[in-house]
Each structure stands twice: as C-alpha cells, then as structure tokens.
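Engineer: Contents are compact mmCIF, C-alpha atoms and all ligand atoms; file name upload-v3.txt:
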# COMPACT_ATOMS: atom_id res chain seq x y z
CA MET A 252 27.24 5.15 -12.45
CA ASN A 253 30.68 5.34 -13.94
CA THR A 254 32.81 7.52 -11.66
CA THR A 255 35.72 7.64 -14.10
CA LEU A 256 33.37 9.15 -16.65
CA VAL A 257 32.04 11.62 -14.06
CA ASN A 258 35.58 12.82 -13.36
CA GLN A 259 36.40 13.03 -17.05
CA ILE A 260 33.30 15.09 -17.93
CA LYS A 261 33.83 17.38 -14.95
CA GLN A 262 37.46 17.92 -15.95
CA GLU A 263 36.48 18.71 -19.52
CA PHE A 264 34.05 21.32 -18.22
CA LEU A 265 36.68 22.82 -15.89
CA ASP A 266 39.25 22.95 -18.70
CA LYS A 267 36.80 24.69 -21.00
CA PHE A 268 35.05 27.10 -18.66
CA ASN A 269 37.26 27.29 -15.60
CA GLU A 270 34.45 26.96 -13.05
CA GLU A 271 32.68 24.26 -11.08
CA PRO A 272 29.61 22.79 -12.81
CA LEU A 273 26.53 21.05 -11.46
CA MET A 274 26.85 17.35 -12.26
CA VAL A 275 23.83 15.29 -13.32
CA PHE A 276 23.48 11.53 -13.90
CA SER A 277 20.59 10.42 -16.05
CA PRO A 278 20.29 6.67 -16.65
CA GLY A 279 19.35 4.59 -19.66
CA ARG A 280 16.77 1.85 -19.26
CA ILE A 281 15.91 -1.75 -19.93
CA ASN A 282 12.38 -3.04 -20.39
CA ILE A 283 11.38 -6.49 -19.15
CA ILE A 284 8.13 -6.62 -21.13
CA GLY A 285 5.44 -4.34 -22.58
CA GLU A 286 6.84 -3.12 -25.89
CA HIS A 287 5.04 -0.54 -28.06
CA THR A 288 2.30 -0.40 -25.46
CA ASP A 289 3.28 2.97 -23.94
CA TYR A 290 1.83 5.13 -26.73
CA ASN A 291 -1.31 3.01 -26.55
CA ASP A 292 -1.84 4.11 -22.92
CA GLY A 293 -0.91 0.59 -21.79
CA PHE A 294 1.51 -1.08 -19.38
CA VAL A 295 5.31 -1.28 -19.58
CA PHE A 296 7.84 -2.83 -17.21
CA PRO A 297 11.10 -0.87 -17.44
CA ALA A 298 13.98 -0.21 -15.05
CA ALA A 299 16.70 2.43 -15.03
CA VAL A 300 20.25 1.06 -15.33
CA ASN A 301 23.65 2.08 -14.05
CA LYS A 302 24.73 3.25 -17.50
CA GLY A 303 23.62 6.64 -18.73
CA ILE A 304 24.46 10.25 -19.49
CA ILE A 305 26.71 12.35 -17.28
CA ALA A 306 26.20 16.10 -17.76
CA ALA A 307 28.22 19.01 -16.38
CA ILE A 308 26.25 22.25 -16.57
CA ASN A 309 26.45 25.86 -15.38
CA LYS A 310 25.18 29.36 -16.20
CA THR A 311 27.24 31.74 -18.34
CA GLN A 312 27.28 35.52 -18.73
CA ASN A 313 28.09 35.10 -22.44
CA SER A 314 25.53 35.97 -25.11
CA THR A 315 25.62 32.38 -26.41
CA SER A 316 25.28 28.92 -24.88
CA SER A 317 27.77 26.14 -25.57
CA VAL A 318 26.94 22.44 -25.39
CA SER A 319 29.64 19.82 -26.08
CA ALA A 320 29.18 16.12 -26.71
CA SER A 321 32.37 14.64 -25.36
CA ASP A 322 31.88 11.31 -27.18
CA PHE A 323 31.46 12.95 -30.59
CA LYS A 324 34.03 15.71 -29.96
CA ASP A 325 31.41 18.12 -31.20
CA THR A 326 30.09 21.44 -29.85
CA ILE A 327 27.01 23.47 -30.69
CA SER A 328 26.63 27.17 -29.88
CA PHE A 329 23.35 29.04 -29.88
CA SER A 330 21.59 31.93 -28.24
CA ILE A 331 18.87 31.01 -25.79
CA ASP A 332 16.70 33.71 -27.42
CA SER A 333 16.60 32.07 -30.84
CA ILE A 334 16.12 28.34 -30.49
CA ALA A 335 15.38 26.41 -33.69
CA PRO A 336 15.80 22.78 -34.77
CA MET A 337 19.01 21.68 -36.46
CA VAL A 338 19.11 19.40 -39.49
CA LYS A 339 17.61 15.96 -38.93
CA GLU A 340 19.61 13.44 -36.91
CA SER A 341 21.78 16.03 -35.14
CA TRP A 342 22.29 15.18 -31.47
CA GLY A 343 21.77 18.91 -30.79
CA ASN A 344 18.04 18.50 -31.36
CA TYR A 345 17.68 16.56 -28.09
CA VAL A 346 19.09 19.56 -26.24
CA LEU A 347 17.44 22.33 -28.26
CA GLY A 348 14.10 20.55 -28.20
CA VAL A 349 14.12 20.48 -24.41
CA ILE A 350 14.94 24.21 -24.25
CA ALA A 351 12.14 25.00 -26.71
CA GLU A 352 9.60 23.00 -24.69
CA ILE A 353 10.64 24.72 -21.43
CA GLN A 354 10.23 28.09 -23.14
CA LYS A 355 6.78 27.12 -24.46
CA LEU A 356 5.69 26.78 -20.83
CA GLY A 357 6.61 30.44 -20.30
CA LYS A 358 9.62 29.59 -18.12
CA THR A 359 12.69 31.82 -18.46
CA ILE A 360 16.14 30.35 -18.84
CA GLU A 361 19.41 32.13 -19.61
CA ASN A 362 22.45 31.05 -21.54
CA PHE A 363 24.37 28.11 -20.12
CA ASN A 364 27.35 25.86 -20.79
CA MET A 365 27.21 22.10 -20.78
CA VAL A 366 29.52 19.16 -21.46
CA PHE A 367 28.09 15.65 -21.52
CA GLY A 368 29.20 12.10 -22.19
CA GLY A 369 27.72 8.67 -21.78
CA ASP A 370 28.37 4.98 -21.42
CA ILE A 371 25.15 3.61 -22.92
CA PRO A 372 26.26 1.57 -25.92
CA SER A 373 25.10 3.55 -28.95
CA GLY A 374 22.19 2.08 -30.88
CA SER A 375 21.61 -0.45 -28.09
CA GLY A 376 17.95 0.53 -27.60
CA MET A 377 18.69 1.44 -23.98
CA SER A 378 17.46 4.94 -24.54
CA SER A 379 20.42 7.26 -24.52
CA SER A 380 18.11 9.87 -26.07
CA ALA A 381 15.71 9.99 -23.12
CA ALA A 382 18.69 10.04 -20.77
CA LEU A 383 20.14 13.04 -22.59
CA GLU A 384 16.83 14.91 -22.67
CA ASN A 385 16.26 14.25 -18.99
CA SER A 386 19.77 15.38 -18.07
CA VAL A 387 19.17 18.69 -19.85
CA VAL A 388 15.75 19.42 -18.35
CA PHE A 389 16.87 18.30 -14.89
CA GLY A 390 20.05 20.39 -15.04
CA LEU A 391 18.23 23.51 -16.29
CA ASN A 392 15.52 23.08 -13.66
CA GLU A 393 18.21 23.12 -10.96
CA LEU A 394 20.24 25.97 -12.45
CA PHE A 395 17.35 28.34 -13.08
CA ASN A 396 15.01 27.27 -10.26
CA LEU A 397 12.24 26.50 -12.72
CA GLY A 398 10.16 24.66 -10.14
CA LEU A 399 9.30 21.81 -12.52
CA SER A 400 8.13 18.51 -11.07
CA LYS A 401 9.73 15.30 -12.33
CA THR A 402 6.47 14.50 -14.12
CA GLU A 403 6.51 17.86 -15.90
CA MET A 404 10.12 17.24 -16.83
CA ILE A 405 9.46 13.89 -18.51
CA PHE A 406 6.72 15.36 -20.65
CA ILE A 407 9.08 18.16 -21.69
CA SER A 408 11.63 15.51 -22.71
CA GLN A 409 9.00 13.54 -24.61
CA LYS A 410 7.74 16.60 -26.50
CA ALA A 411 11.31 17.54 -27.39
CA GLU A 412 11.59 14.17 -29.08
CA HIS A 413 8.29 14.63 -30.92
CA ASN A 414 8.86 18.18 -32.06
CA TYR A 415 12.63 18.45 -32.58
CA VAL A 416 13.79 14.88 -33.20
CA GLY A 417 10.72 13.73 -35.11
CA VAL A 418 10.06 10.48 -33.22
CA ASN A 419 6.54 10.27 -31.77
CA CYS A 420 7.69 8.23 -28.81
CA GLY A 421 5.65 7.17 -25.80
CA ILE A 422 6.58 8.03 -22.22
CA MET A 423 8.30 4.81 -21.08
CA ASP A 424 11.91 5.83 -21.65
CA GLN A 425 11.69 9.27 -20.09
CA TYR A 426 9.71 7.88 -17.15
CA ALA A 427 12.13 5.04 -16.41
CA SER A 428 15.16 7.28 -16.73
CA MET A 429 13.68 9.94 -14.40
CA PHE A 430 11.88 7.79 -11.82
CA GLY A 431 14.00 4.61 -11.68
CA ILE A 432 14.52 2.97 -8.28
CA LYS A 433 17.71 1.08 -7.43
CA ASN A 434 17.24 -2.70 -7.75
CA HIS A 435 13.65 -2.28 -8.91
CA ALA A 436 11.66 -2.47 -12.14
CA LEU A 437 8.54 -0.33 -12.48
CA LEU A 438 5.21 -1.59 -13.74
CA LEU A 439 4.05 1.68 -15.26
CA ASP A 440 0.50 2.44 -16.30
CA CYS A 441 1.15 4.84 -19.17
CA ARG A 442 -2.32 6.34 -18.89
CA SER A 443 -2.31 7.33 -15.23
CA ILE A 444 1.52 7.66 -15.10
CA GLU A 445 1.49 5.68 -11.89
CA ALA A 446 3.98 2.90 -11.31
CA LYS A 447 4.28 -0.06 -9.01
CA PRO A 448 7.89 -0.87 -8.11
CA PHE A 449 8.98 -4.53 -8.05
CA GLU A 450 12.20 -5.49 -6.37
CA ILE A 451 14.24 -7.47 -8.85
CA ASN A 452 15.88 -10.43 -7.24
CA PHE A 453 15.64 -13.50 -9.43
CA GLU A 454 17.88 -15.55 -7.10
CA ASN A 455 19.56 -18.04 -9.44
CA TYR A 456 18.56 -16.10 -12.55
CA GLU A 457 19.51 -12.71 -13.93
CA LEU A 458 18.81 -10.37 -16.80
CA MET A 459 21.45 -10.33 -19.50
CA LEU A 460 21.54 -8.06 -22.54
CA ILE A 461 22.99 -9.00 -25.90
CA ASN A 462 23.59 -6.07 -28.22
CA THR A 463 23.32 -6.91 -31.91
CA ASN A 464 25.42 -3.80 -32.61
CA VAL A 465 23.12 -2.98 -35.51
CA LYS A 466 20.55 -0.24 -35.92
CA HIS A 467 18.66 -0.47 -39.18
CA SER A 468 17.88 2.88 -40.70
CA LEU A 469 14.13 2.55 -41.09
CA SER A 470 13.62 2.48 -37.34
CA ASP A 471 12.31 6.05 -36.84
CA SER A 472 9.89 6.10 -39.75
CA ALA A 473 8.64 2.57 -38.99
CA TYR A 474 8.09 3.62 -35.38
CA ASN A 475 5.93 6.57 -36.38
CA ASP A 476 4.05 4.37 -38.87
CA ARG A 477 3.24 1.81 -36.18
CA ARG A 478 1.97 4.52 -33.90
CA SER A 479 -0.33 5.96 -36.54
CA VAL A 480 -1.76 2.50 -37.35
CA CYS A 481 -2.65 2.11 -33.66
CA GLU A 482 -4.21 5.56 -33.54
CA SER A 483 -6.29 5.08 -36.65
CA ILE A 484 -7.65 1.73 -35.44
CA SER A 485 -8.50 3.30 -32.07
CA LYS A 486 -10.39 6.00 -33.92
CA MET A 487 -12.36 3.40 -35.87
CA LEU A 488 -13.20 1.68 -32.60
CA ASN A 489 -14.19 5.00 -31.08
CA ILE A 490 -11.85 4.58 -28.14
CA LYS A 491 -9.06 6.77 -26.80
CA ALA A 492 -6.31 4.19 -27.25
CA LEU A 493 -5.86 0.46 -27.90
CA ARG A 494 -5.55 -0.01 -24.15
CA ASP A 495 -9.34 0.31 -24.12
CA ALA A 496 -9.92 -2.57 -26.56
CA ASN A 497 -9.97 -6.34 -26.18
CA GLU A 498 -9.66 -8.96 -28.89
CA ALA A 499 -13.45 -9.18 -29.35
CA ASP A 500 -13.67 -5.41 -29.94
CA LEU A 501 -10.98 -5.64 -32.56
CA GLU A 502 -13.01 -8.22 -34.48
CA LYS A 503 -15.51 -5.44 -35.27
CA VAL A 504 -13.05 -3.66 -37.55
CA LYS A 505 -11.35 -6.75 -38.93
CA ASN A 506 -12.98 -6.32 -42.34
CA LYS A 507 -12.18 -2.63 -42.54
CA VAL A 508 -8.41 -2.86 -42.12
CA THR A 509 -5.63 -4.79 -43.80
CA ASP A 510 -4.62 -8.04 -42.18
CA GLU A 511 -1.20 -6.50 -41.47
CA ASP A 512 -2.74 -3.65 -39.50
CA TYR A 513 -5.17 -5.96 -37.73
CA GLN A 514 -2.22 -8.07 -36.57
CA LYS A 515 -0.43 -4.99 -35.29
CA ALA A 516 -3.39 -3.88 -33.19
CA LEU A 517 -3.85 -7.46 -31.97
CA PHE A 518 -0.22 -7.53 -30.91
CA VAL A 519 -0.65 -4.36 -28.82
CA ILE A 520 -3.73 -5.76 -27.06
CA GLN A 521 -1.96 -9.06 -26.34
CA GLU A 522 1.31 -7.40 -25.29
CA ASN A 523 -0.56 -5.24 -22.85
CA GLU A 524 -2.09 -8.39 -21.33
CA ARG A 525 1.34 -10.01 -21.21
CA ALA A 526 2.76 -7.07 -19.26
CA GLU A 527 0.04 -7.41 -16.64
CA GLN A 528 0.47 -11.19 -16.53
CA ALA A 529 4.22 -10.70 -16.11
CA SER A 530 3.67 -8.62 -13.00
CA ALA A 531 1.52 -11.41 -11.55
CA ALA A 532 4.17 -13.99 -12.47
CA MET A 533 6.82 -11.91 -10.72
CA GLN A 534 4.66 -11.47 -7.67
CA ASN A 535 4.26 -15.26 -7.51
CA GLY A 536 7.96 -15.85 -8.16
CA ASP A 537 6.96 -17.82 -11.27
CA LEU A 538 10.01 -17.26 -13.45
CA GLU A 539 9.02 -19.98 -15.94
CA MET A 540 5.81 -18.10 -16.66
CA LEU A 541 7.68 -14.80 -16.89
CA GLY A 542 10.05 -16.40 -19.39
CA LYS A 543 7.17 -17.72 -21.51
CA LEU A 544 5.62 -14.28 -21.63
CA ILE A 545 8.95 -12.79 -22.68
CA TYR A 546 9.28 -15.30 -25.55
CA GLY A 547 5.66 -14.57 -26.46
CA SER A 548 6.44 -10.88 -26.63
CA HIS A 549 9.26 -11.50 -29.09
CA HIS A 550 7.10 -13.72 -31.24
CA GLY A 551 4.52 -10.95 -31.52
CA LEU A 552 7.12 -8.27 -32.18
CA GLN A 553 8.63 -10.44 -34.92
CA TYR A 554 5.54 -11.75 -36.71
CA GLN A 555 2.68 -9.40 -35.83
CA TYR A 556 4.17 -5.98 -35.11
CA LYS A 557 7.10 -6.63 -37.48
CA VAL A 558 9.71 -4.52 -35.75
CA SER A 559 12.40 -7.16 -35.28
CA CYS A 560 15.30 -7.98 -37.62
CA ASP A 561 17.39 -11.04 -38.52
CA GLU A 562 20.08 -10.30 -35.96
CA LEU A 563 17.58 -10.04 -33.08
CA ASP A 564 15.70 -13.13 -34.22
CA PHE A 565 18.95 -15.08 -34.41
CA LEU A 566 19.81 -14.21 -30.80
CA VAL A 567 16.33 -15.12 -29.55
CA GLU A 568 16.41 -18.43 -31.47
CA SER A 569 19.83 -19.20 -29.93
CA ALA A 570 18.39 -18.52 -26.48
CA LYS A 571 15.45 -20.84 -27.13
CA LYS A 572 17.85 -23.72 -27.77
CA ASN A 573 19.36 -23.25 -24.32
CA ASN A 574 17.43 -24.75 -21.38
CA ASN A 575 19.07 -22.34 -18.98
CA ILE A 576 17.38 -19.37 -20.60
CA LEU A 577 13.75 -19.01 -19.58
CA GLY A 578 12.90 -16.12 -21.90
CA ALA A 579 14.45 -13.77 -24.45
CA ARG A 580 13.14 -10.99 -26.65
CA MET A 581 14.10 -7.86 -28.51
CA MET A 582 13.92 -4.75 -26.38
CA GLY A 583 12.89 -1.19 -27.25
CA GLY A 584 11.66 0.21 -30.55
CA GLY A 585 13.21 -2.58 -32.63
CA PHE A 586 15.19 -2.97 -35.89
CA GLY A 587 18.37 -3.50 -33.90
CA GLY A 588 19.67 -2.88 -30.40
CA CYS A 589 19.59 -5.52 -27.69
CA THR A 590 17.81 -8.66 -26.68
CA ILE A 591 16.98 -9.10 -23.01
CA ASN A 592 17.44 -12.63 -21.65
CA LEU A 593 16.31 -14.23 -18.41
CA ILE A 594 19.19 -16.65 -17.83
CA ALA A 595 20.44 -18.89 -15.04
CA LYS A 596 23.42 -17.17 -13.43
CA ASN A 597 25.61 -20.26 -13.68
CA ALA A 598 24.93 -20.57 -17.42
CA VAL A 599 26.01 -17.06 -18.45
CA GLU A 600 29.64 -17.83 -19.25
CA ASP A 601 28.84 -20.95 -21.31
CA PHE A 602 26.17 -19.18 -23.28
CA LYS A 603 28.50 -16.26 -23.98
CA THR A 604 31.16 -18.55 -25.38
CA SER A 605 28.72 -20.27 -27.70
CA VAL A 606 26.53 -17.41 -28.88
CA ALA A 607 29.24 -14.85 -29.61
CA PRO A 608 31.10 -16.89 -32.29
CA ALA A 609 27.83 -18.14 -33.77
CA TYR A 610 26.60 -14.56 -34.16
CA LYS A 611 29.91 -13.53 -35.68
CA LYS A 612 29.72 -16.37 -38.15
CA ALA A 613 26.15 -15.55 -39.17
CA PHE A 614 26.50 -11.77 -39.52
CA ASP A 615 30.25 -11.13 -39.76
CA LYS A 616 29.85 -8.81 -36.81
CA ASP A 617 30.47 -9.01 -33.07
CA CYS A 618 27.66 -8.91 -30.56
CA SER A 619 28.27 -7.47 -27.08
CA ILE A 620 27.01 -9.12 -23.92
CA TYR A 621 26.44 -7.44 -20.57
CA THR A 622 24.55 -7.68 -17.33
CA VAL A 623 23.24 -4.45 -15.86
CA GLU A 624 22.56 -3.11 -12.41
CA LEU A 625 19.29 -1.34 -11.77
CA SER A 626 19.71 2.26 -10.73
CA ASP A 627 17.92 5.26 -9.32
CA GLY A 628 16.46 7.75 -11.80
CA THR A 629 18.01 11.11 -12.80
CA TYR A 630 19.84 12.80 -9.91
CA LEU A 631 22.38 15.43 -8.99
CA ILE A 632 25.81 13.93 -8.38
CA LYS A 633 27.03 15.32 -5.04
C1 LIG B 1 11.12 3.43 -27.99
C2 LIG B 1 10.20 4.57 -27.55
F1 LIG B 1 10.93 5.70 -27.27
C3 LIG B 1 9.34 4.18 -26.36
O1 LIG B 1 8.43 5.21 -26.07
C4 LIG B 1 8.63 2.86 -26.60
O2 LIG B 1 7.52 3.04 -27.44
C5 LIG B 1 9.57 1.79 -27.15
O3 LIG B 1 10.33 2.27 -28.26
C6 LIG B 1 8.83 0.57 -27.59
O4 LIG B 1 8.22 -0.03 -26.51
O5 LIG B 1 12.07 3.16 -27.00
Written as structure tokens, that's how I'd like the structure from this file.

Structural biologist:
Amino acid sequence: MNTTLVNQIKQEFLDKFNEEPLMVFSPGRINIIGEHTDYNDGFVFPAAVNKGIIAAINKTQNSTSSVSASDFKDTISFSIDSIAPMVKESWGNYVLGVIAEIQKLGKTIENFNMVFGGDIPSGSGMSSSAALENSVVFGLNELFNLGLSKTEMIFISQKAEHNYVGVNCGIMDQYASMFGIKNHALLLDCRSIEAKPFEINFENYELMLINTNVKHSLSDSAYNDRRSVCESISKMLNIKALRDANEADLEKVKNKVTDEDYQKALFVIQENERAEQASAAMQNGDLEMLGKLIYGSHHGLQYQYKVSCDELDFLVESAKKNNNILGARMMGGGFGGCTINLIAKNAVEDFKTSVAPAYKKAFDKDCSIYTVELSDGTYLIK
C-alpha cells in the first residue's frame, strides 16, 4: 500500500470536510491462470496486489452525499434517498451501484462523504473497478454497522457492476480484492466460493507485468457477448454452467453451434482444466509445467476465445523468444491491459531493455513494466 497516497487522500478529505475519516485500502488483483472461467462456475487463480484504491469516508449531517475522485478531480453529489445510474461510463456508477445494491437488501444507510484515489495503472486489467466497489461497500459497512459479511459484500460489488456499470462480470475480481492474503495466490472455486491459498515463492523466478497501455473500446460489449455464448451452450447441454461439461459433452452440440462458439466453449473447458493443473504444478514446484499452462492459456485466449489484441500478442511472442521466461499470457478480460510473465529474476533487467524499445517501435507507444507484491484483501487502515 502506498502510504504517500494514503496521506494525500486523508489530507484532501480533511481539507474538504474538516473531520477525521475512516481510511480503507482495497487492492487490485493479478490472475496467474483461469481466465473467463469465473462466470462459468470454474476455477481462477488470482492474488490481491499492493496497488489499489485508498478511500477516506465519513458520515455527514448534510442532505446530500459527496464523493470525489482525486485522480479525475471530479465530484458527484447525490441524495442517498434517490439513487439512480449516471450516464454510461461514469466512474460514479461504481459507487452508486454499490449503494443501490445495499439498499435492495433492506439495509439503511445515510448520507456520507468520500474522497478516493488509486495507484492501479488505469486500463491495466488489474481491476480498479472491483477495488473501488469493495472500498465503498466495506467503508459503508463499517460506518453504518450494516453487519455484512465479506462474502455478502463481494456479491454487492458484483451486482453493482452488472446493474449500474453494465458489465456482467464474474466474481474473481471482487473476491481477490476482498479476500487476498499477503504473499499468497488463491485457487478459487467460483461455484462454492471456497479458495485454497498457495504461498507464492518461486525462488529464482517472479511474476512480472507488462502493461500494453491500451484498452480497446469493444472490451465491455465483447465481454458480455462471450458470457452469453457460454450460457446459451450450457443451456443446450442442459447443465448449469460450462464447468459441468467436458470435451466429449461439448461434441454433442458441435453441429448445432457455429465453429466460433464451439471454440469458445472448448476454451473455457480447457482453461478450467489448466487452472486445476496449474495448482498441481505449483504444489509440485514444477515451474516449467506452470509456464507451459500459462502459454497455453494465452494461445486459447488469442485463437479460441478471441479476446486478445495485437499489443498483447506481441508481448507474449517476445516472451516466448526468451528462454528465461517460462510462461506469459494476457491477463483479465482482454483487449488490452497487461501480460503476466513468469520470468527468472536475474533476467528481468535484460528483458526490460529489449522488450520496451521493440514494443515502442511496433506500436509507437510505451509499455510499462512492473513487479508486484501480493497483499491482504480490503482492510481498514489504522
Ligand atoms: C474481468 C471480469 F471482471 C472477471 O470477472 C473475469 O471474468 C475476467 O475479466 C476474465 O477472467 O476481469
């Protein structure tokens, strides 16, 4: 967590409202493997990171609430008694959506003030949206003694995203951001919402992120499209979710769906298997196998699920040419954001100096490269 940012956000709140706020840290996440499996009731392997959203929050006696996004220098004001969505793509919908979902549960909240800021690189696919939602629900739960469990809170955050933001996301991001464990990744079963923590210590290897610094605009609509393809194929197969199918089951509907959609469902089934195999590889300390699975995931995301883009593919291809990188793949929803790379620690600097100019030359754009520390999930900053 970035203490300079904590002090800055707290100071902004004090300057604006002249009273001490509650301070909340809600982290972003990475995902080692298991992409687009969460809304198919499958397995994912995320971890919370030390970058996230810092929120300062307190009650107010005023008849309106005020929420300021420090990074955008923007404030929204609203009355807690008349919550409605804003125009599409307003950051306010992440906040208002959470309030609306809390109210749907019959819980009473009063007006409040909030200032928040973050250090998750924007568009990086590290889930600043889940971090923001979780910071709001967590802060309101504390302020108004709502008695919500962490599990209830993540479903509130997820529904806010469905109903106010318009992205029919799964539960991975909200889960990882809320339940993260320092130095651990979580093998999460998205059906039972139970996770097995794995300590991440790759000895001579580490996880490195490369941000393409692009976010292609079709990402939200393509995401919802992918989800509905999975749901309609599950329906045809008479199962709850693709998690319940294997490749042989899928053969039964092969003639009834387009080849494109068949490939997408096949990807989900295979990716779910890869996530489970990755946990076995990690248990056995078999990093070569883990790396292969990670490359396999990217291949499927690129050619079967079709959610990658040229910039991501370029970075994964560059990684493949380097013997010190065991695996690389796009991370998150796709169409931009980061690749995650399993790289030998002593090769990081060399790779950085070769990949950065090559990327610049190919796309006339800089990429950003960072390693991350794995953090605890959403908490009150004391
Ligand atoms: C986005 C979504 F929010 C997640 O729920 C998940 O589906 C991910 O894309 C793809 O694995 O981050």

Engineer: Residues within 6 Å of ligand LIG 1 (chain B) should be enumerated using all atoms listed in the file and returned as a PyMOL selection string.

Structural biologist: chain A and resi 286-287+289+420-424+583-584

Engineer: Could you tell me which of A:Trp342, A:Phe586, A:Phe367, A:Phe264 comes closest to Ala306 in chain A if we count all atoms listed in the file?

Structural biologist: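 Closest candidate: A:Phe367.
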
Engineer: Tell me which of A:Ala492, A:Ile484, A:Leu563, A:Leu625 sits closest to Phe449 in chain A, counting only C-alpha atoms.

Structural biologist: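 Result for the nearest residue to Phe449 in chain A: A:Leu625.
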
Engineer: Hey, can you check how far CA of Leu566 in chain A sits from CA of Asp617 in chain A?

Structural biologist: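 Rounded to one decimal, the two atoms are 12.1 Å apart.
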
Engineer: Tell me which of A:Leu265, A:Ile432, A:Ala579, A:Cys441 sits closest to Asn301 in chain A, counting all atoms listed in the file.

Structural biologist: A:Ile432

Engineer: In terms of the shortest atom-to-atom distance over only C-alpha atoms, which of A:Val318, A:Ala299, A:Met365, A:Ala598 is closest to Glu270 in chain A?

Structural biologist: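 Looking at the shortest contact to Glu270 in chain A, the residue is A:Met365.
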
Engineer: Go ahead and compute the interatomic distance for CA of Ile407 in chain A and CA of Ile353 in chain A, in Å to one decimal.

Structural biologist: 6.7 Å

Engineer: If you count all atoms listed in the file, which residues fall within 10 Å of Ile620 in chain A, apart from same-chain ones fewer than 5 positions away, as an mmCIF file with C-alpha atoms, in the coordinates of the input?

Structural biologist:
data_model
loop_
_atom_site.group_PDB
_atom_site.id
_atom_site.type_symbol
_atom_site.label_atom_id
_atom_site.label_comp_id
_atom_site.auth_asym_id
_atom_site.auth_seq_id
_atom_site.Cartn_x
_atom_site.Cartn_y
_atom_site.Cartn_z
ATOM 1 C CA MET A 459 21.450 -10.330 -19.500
ATOM 2 C CA LEU A 460 21.540 -8.060 -22.540
ATOM 3 C CA ILE A 461 22.990 -9.000 -25.900
ATOM 4 C CA ASN A 462 23.590 -6.070 -28.220
ATOM 5 C CA THR A 463 23.320 -6.910 -31.910
ATOM 6 C CA CYS A 589 19.590 -5.520 -27.690
ATOM 7 C CA THR A 590 17.810 -8.660 -26.680
ATOM 8 C CA VAL A 599 26.010 -17.060 -18.450
ATOM 9 C CA LYS A 603 28.500 -16.260 -23.980
ATOM 10 C CA VAL A 606 26.530 -17.410 -28.880
ATOM 11 C CA ALA A 607 29.240 -14.850 -29.610
#

Engineer: At what distance in Å, to one decimal, does CA of Ile305 in chain A lie from CA of Lys616 in chain A?

Structural biologist: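 Distance between the two atoms: 29.0 Å.
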